[in-house]
Amino acid sequence: MKIVFSKNLSKNQHEAYLNEIGDYQIYHTEKLLNYYFHTSKIIDKSFFILEKDKPLAFAPLGIVKEDKLTTLSFSAVACHTPTISHNMASQNKRKLYKKLFSIIYETGVKNKCKSFEFFFHPIRFFNDQCKIDYKESMKILSCFDVAYVVINTNIIDLSLSPDNLFMNLRKAMRKELRSKKYKELEFFKINSQNINKDQIKDFFNLYKKYHFISAKKQTRKDSSWKYMLNLLYDDRADLFAIRRLEDKKFLSFLYCFREKNFAIGASQVNITSSKELKRYSLRSFIEYKAIEYYKNINFRFYEVGQTYYYDKDFKSFTEKHKRIGLTKLQFGGDLYPIFYFKFDFDKDSIFNKKHKFIVENDF
């Protein structure tokens, strides 16, 4: 077996390896990894394990140095748990997981990391099919004495009929969206298929400007904004907009990541004018129109996002994020758990010397 760092691979080679592994999440893709690397100062240690040039496994991994602490993480977010080839016998899978986690452990020790953070997301791409699957989701527990937290995320099943999708909305939201005033608004997608590159940039800069006005500060690094724009140029992400038909005034934007037939609502912003905010439920309208859009092009799932009720152990949230999280419930999606894991390197693991028997024997 040999280790190949993904930073040394082209975008196409990285994605080809994932497809050959045949079982992965959007958070393993080059697209999402590079988004994190452009958002925060992260040393990329993500790696594939190959045998005879055949990819068997992939682990997203980053080293972050903040507040005089070094961690294995992607700064404000965790790394996703590794994935391994589905075409393996169970005994070989166990051995490969043990190898994967030993490399992660050794990386943390070598770089004097205090802890690592991982999470598991249930949407998986399996032989080009998008499905919800929790198989091996807690595998990390067999190697490390981790703390873990469970947080629900709201996922819309787009195989439902249009009528069922609408009826799953909360009653107040259905009543709101039936109002005639929404006929005053126009929803459209901004991409390379319908406008040129300069126009995409103009729309994106307006979306960026609205974020600045809303937050009263720059909300992301310049490199992060640039990378998000480049994803639009390459048709690897989507930007949606709402504008008023009468005067073509832009009222709302929604940026989505997507992979195969799965999409995530990643970033939404509205105009700050109190007049428009009082008249329209802009966030509800633009996100529901995006859900309709993905339904119409035969996507399988749309993720509205996570809902936070309580601060739990090592995961805490602002009151603003808790309020936004609760609004996501109005779309009527099913709630699926995301598992978050944290390991402190002074805690127990099978890679300690006292567990030599377990490491050297199959378990």
# chains A, B, ... in the order shown; residues from 1 in each chain; ligands from 1
>>> residues_around(residues="Leu326 in chain A", least_positions_apart="5", cutoff="9 Å", atoms="only C-alpha atoms", output="list in words")
Gln306, Thr307, Tyr308, Tyr309 and His321 of chain A
>>> write_last_selection(atoms="N, CA and C atoms", output="mmCIF file, in the first residue's frame")
data_model
loop_
_atom_site.group_PDB
_atom_site.id
_atom_site.type_symbol
_atom_site.label_atom_id
_atom_site.label_comp_id
_atom_site.auth_asym_id
_atom_site.auth_seq_id
_atom_site.Cartn_x
_atom_site.Cartn_y
_atom_site.Cartn_z
ATOM 1 N N GLN A 306 -28.969 22.175 9.173
ATOM 2 C CA GLN A 306 -29.060 21.624 10.519
ATOM 3 C C GLN A 306 -29.914 22.494 11.442
ATOM 4 N N THR A 307 -30.516 21.823 12.418
ATOM 5 C CA THR A 307 -31.328 22.482 13.432
ATOM 6 C C THR A 307 -30.687 22.257 14.793
ATOM 7 N N TYR A 308 -30.450 23.338 15.521
ATOM 8 C CA TYR A 308 -29.744 23.269 16.803
ATOM 9 C C TYR A 308 -30.705 23.644 17.928
ATOM 10 N N TYR A 309 -30.899 22.744 18.856
ATOM 11 C CA TYR A 309 -31.748 23.034 20.005
ATOM 12 C C TYR A 309 -30.932 23.410 21.236
ATOM 13 N N HIS A 321 -27.774 31.397 15.027
ATOM 14 C CA HIS A 321 -27.774 30.125 14.306
ATOM 15 C C HIS A 321 -28.894 29.210 14.797
#
>>> residues_around(residues="range 150-162 of chain A", least_positions_apart="4", cutoff="8 Å", atoms="only C-alpha atoms", output="list in words")
Phe166, Ile291, Glu292, Tyr294, Lys295, Asn298, Phe299, Arg300, Phe301, Tyr302, Glu303, Val304, Gly305, Gln306, Thr307, Tyr308, Lys328, Leu329, Phe331, Gly332, Gly333, Asp334, Leu335, Tyr336, Pro337, Ile338, Phe339 and Tyr340 of chain A
>>> write_last_selection(atoms="C-alpha atoms", output="PDB file, in the first residue's frame")
ATOM      1  CA  PHE A 166     -45.808  21.555  -1.044  1.00  0.00           C
ATOM      2  CA  ILE A 291     -36.215  22.910  -4.073  1.00  0.00           C
ATOM      3  CA  GLU A 292     -38.690  22.983  -6.974  1.00  0.00           C
ATOM      4  CA  TYR A 294     -33.820  20.597  -8.204  1.00  0.00           C
ATOM      5  CA  LYS A 295     -36.958  18.465  -8.196  1.00  0.00           C
ATOM      6  CA  ASN A 298     -34.443  14.977 -11.179  1.00  0.00           C
ATOM      7  CA  PHE A 299     -32.226  15.518  -8.168  1.00  0.00           C
ATOM      8  CA  ARG A 300     -32.697  12.987  -5.370  1.00  0.00           C
ATOM      9  CA  PHE A 301     -32.184  15.059  -2.196  1.00  0.00           C
ATOM     10  CA  TYR A 302     -31.932  18.673  -1.106  1.00  0.00           C
ATOM     11  CA  GLU A 303     -30.464  19.545   2.301  1.00  0.00           C
ATOM     12  CA  VAL A 304     -31.974  22.602   3.939  1.00  0.00           C
ATOM     13  CA  GLY A 305     -29.552  22.424   6.858  1.00  0.00           C
ATOM     14  CA  GLN A 306     -29.060  21.624  10.519  1.00  0.00           C
ATOM     15  CA  THR A 307     -31.328  22.482  13.432  1.00  0.00           C
ATOM     16  CA  TYR A 308     -29.744  23.269  16.803  1.00  0.00           C
ATOM     17  CA  LYS A 328     -35.390  25.194   8.468  1.00  0.00           C
ATOM     18  CA  LEU A 329     -38.045  22.934   9.988  1.00  0.00           C
ATOM     19  CA  PHE A 331     -39.782  23.065   4.829  1.00  0.00           C
ATOM     20  CA  GLY A 332     -41.033  19.723   6.104  1.00  0.00           C
ATOM     21  CA  GLY A 333     -37.913  17.693   5.468  1.00  0.00           C
ATOM     22  CA  ASP A 334     -37.079  14.521   7.316  1.00  0.00           C
ATOM     23  CA  LEU A 335     -34.610  14.824  10.185  1.00  0.00           C
ATOM     24  CA  TYR A 336     -31.441  12.759   9.908  1.00  0.00           C
ATOM     25  CA  PRO A 337     -28.643  12.703  12.493  1.00  0.00           C
ATOM     26  CA  ILE A 338     -25.132  13.925  11.758  1.00  0.00           C
ATOM     27  CA  PHE A 339     -22.525  12.501  14.125  1.00  0.00           C
ATOM     28  CA  TYR A 340     -19.699  14.712  15.397  1.00  0.00           C
TER      29      TYR A 340
END
>>> closest_atom_pairs(of="range 238-277 of chain A", to="range 211-215 of chain A", cutoff="10 Å", atoms="only C-alpha atoms", output="CSV")
residue,atom,partner,partner_atom,distance
A:Phe253,CA,A:His211,CA,9.6
A:Ser267,CA,A:His211,CA,9.5
A:Gln268,CA,A:His211,CA,8.6
A:Val269,CA,A:His211,CA,6.1
A:Asn270,CA,A:Ser214,CA,7.8
A:Ile271,CA,A:Ser214,CA,7.7
A:Thr272,CA,A:Ser214,CA,6.4
>>> closest_residue(among="A:Cys143, A:Arg279, A:Arg124, A:Phe204", to="Lys180 in chain A", atoms="only C-alpha atoms")
A:Arg279
>>> atom_distance(atom1="CA of Lys112 in chain A", atom2="CA of Thr70 in chain A")
6.8 Å
>>> closest_residue(among="A:Ile26, A:Leu9, A:Ile350, A:Lys249", to="Lys131 in chain A", atoms="only C-alpha atoms")
A:Ile26
>>> residues_around(residues="Leu18 in chain A", least_positions_apart="3", cutoff="12 Å", atoms="only C-alpha atoms", output="PyMOL selection string")
chain A and resi 6+11-15+21-30+47-50+54-60+82-86+124-128
>>> closest_residue(among="A:Tyr288, A:Phe120, A:Tyr255, A:Tyr134", to="Leu177 in chain A", atoms="only C-alpha atoms")
A:Tyr288
>>> residues_around(residues="Asn194 in chain A", least_positions_apart="6", cutoff="12 Å", atoms="only C-alpha atoms", output="NGL selection string")
:A and (188 or 200 or 232-233 or 235)
>>> atom_distance(atom1="CA of Asn261 in chain A", atom2="CA of Cys130 in chain A")
6.7 Å
>>> closest_residue(among="A:Ala76, A:Leu185, A:Ala147, A:Ile104", to="Glu276 in chain A", atoms="only C-alpha atoms")
A:Leu185
>>> residues_around(residues="Asp202 in chain A", least_positions_apart="6", cutoff="12 Å", atoms="only C-alpha atoms", output="VMD selection string")
chain A and resid 190 to 191 195 to 196 208 to 209 229
>>> write_last_selection(atoms="all heavy atoms", output="PDB file, in the first residue's frame")
ATOM      1  N   ILE A 190     -28.459  31.576 -11.933  1.00  0.00           N
ATOM      2  CA  ILE A 190     -27.344  32.297 -12.540  1.00  0.00           C
ATOM      3  C   ILE A 190     -26.234  31.282 -12.816  1.00  0.00           C
ATOM      4  O   ILE A 190     -25.618  30.760 -11.882  1.00  0.00           O
ATOM      5  CB  ILE A 190     -26.828  33.405 -11.601  1.00  0.00           C
ATOM      6  CG1 ILE A 190     -27.939  34.445 -11.373  1.00  0.00           C
ATOM      7  CG2 ILE A 190     -25.562  34.059 -12.147  1.00  0.00           C
ATOM      8  CD1 ILE A 190     -27.714  35.328 -10.175  1.00  0.00           C
ATOM      9  N   ASN A 191     -26.020  30.965 -14.074  1.00  0.00           N
ATOM     10  CA  ASN A 191     -24.953  30.022 -14.416  1.00  0.00           C
ATOM     11  C   ASN A 191     -24.471  30.244 -15.838  1.00  0.00           C
ATOM     12  O   ASN A 191     -24.990  31.081 -16.586  1.00  0.00           O
ATOM     13  CB  ASN A 191     -25.412  28.574 -14.217  1.00  0.00           C
ATOM     14  CG  ASN A 191     -26.453  28.134 -15.222  1.00  0.00           C
ATOM     15  OD1 ASN A 191     -26.871  28.903 -16.072  1.00  0.00           O
ATOM     16  ND2 ASN A 191     -26.882  26.897 -15.118  1.00  0.00           N
ATOM     17  N   ILE A 195     -26.034  32.854 -19.122  1.00  0.00           N
ATOM     18  CA  ILE A 195     -25.436  34.188 -19.207  1.00  0.00           C
ATOM     19  C   ILE A 195     -23.919  34.043 -19.346  1.00  0.00           C
ATOM     20  O   ILE A 195     -23.350  32.974 -19.083  1.00  0.00           O
ATOM     21  CB  ILE A 195     -25.771  35.051 -17.973  1.00  0.00           C
ATOM     22  CG1 ILE A 195     -25.339  34.364 -16.684  1.00  0.00           C
ATOM     23  CG2 ILE A 195     -27.231  35.419 -17.935  1.00  0.00           C
ATOM     24  CD1 ILE A 195     -25.578  35.202 -15.438  1.00  0.00           C
ATOM     25  N   ASN A 196     -23.257  35.125 -19.759  1.00  0.00           N
ATOM     26  CA  ASN A 196     -21.811  35.048 -19.960  1.00  0.00           C
ATOM     27  C   ASN A 196     -21.057  35.257 -18.638  1.00  0.00           C
ATOM     28  O   ASN A 196     -21.636  35.590 -17.611  1.00  0.00           O
ATOM     29  CB  ASN A 196     -21.351  36.054 -21.028  1.00  0.00           C
ATOM     30  CG  ASN A 196     -21.607  37.500 -20.639  1.00  0.00           C
ATOM     31  OD1 ASN A 196     -21.388  37.895 -19.498  1.00  0.00           O
ATOM     32  ND2 ASN A 196     -22.076  38.306 -21.600  1.00  0.00           N
ATOM     33  N   LYS A 208     -22.426  39.142  -3.040  1.00  0.00           N
ATOM     34  CA  LYS A 208     -21.364  39.396  -2.058  1.00  0.00           C
ATOM     35  C   LYS A 208     -21.607  40.724  -1.335  1.00  0.00           C
ATOM     36  O   LYS A 208     -21.440  40.819  -0.108  1.00  0.00           O
ATOM     37  CB  LYS A 208     -20.010  39.403  -2.775  1.00  0.00           C
ATOM     38  CG  LYS A 208     -18.810  39.686  -1.901  1.00  0.00           C
ATOM     39  CD  LYS A 208     -17.530  39.681  -2.737  1.00  0.00           C
ATOM     40  CE  LYS A 208     -16.326  40.083  -1.911  1.00  0.00           C
ATOM     41  NZ  LYS A 208     -15.076  40.115  -2.730  1.00  0.00           N
ATOM     42  N   LYS A 209     -22.017  41.735  -2.083  1.00  0.00           N
ATOM     43  CA  LYS A 209     -22.286  43.049  -1.493  1.00  0.00           C
ATOM     44  C   LYS A 209     -23.421  42.968  -0.480  1.00  0.00           C
ATOM     45  O   LYS A 209     -23.349  43.576   0.601  1.00  0.00           O
ATOM     46  CB  LYS A 209     -22.644  44.039  -2.609  1.00  0.00           C
ATOM     47  CG  LYS A 209     -22.988  45.433  -2.113  1.00  0.00           C
ATOM     48  CD  LYS A 209     -23.381  46.339  -3.277  1.00  0.00           C
ATOM     49  CE  LYS A 209     -23.809  47.718  -2.782  1.00  0.00           C
ATOM     50  NZ  LYS A 209     -24.216  48.589  -3.916  1.00  0.00           N
ATOM     51  N   LEU A 229     -16.903  31.948  -6.729  1.00  0.00           N
ATOM     52  CA  LEU A 229     -17.188  32.470  -8.063  1.00  0.00           C
ATOM     53  C   LEU A 229     -16.676  31.525  -9.142  1.00  0.00           C
ATOM     54  O   LEU A 229     -17.365  31.253 -10.135  1.00  0.00           O
ATOM     55  CB  LEU A 229     -16.551  33.856  -8.223  1.00  0.00           C
ATOM     56  CG  LEU A 229     -16.680  34.523  -9.595  1.00  0.00           C
ATOM     57  CD1 LEU A 229     -18.141  34.687 -10.000  1.00  0.00           C
ATOM     58  CD2 LEU A 229     -15.965  35.879  -9.601  1.00  0.00           C
TER      59      LEU A 229
END
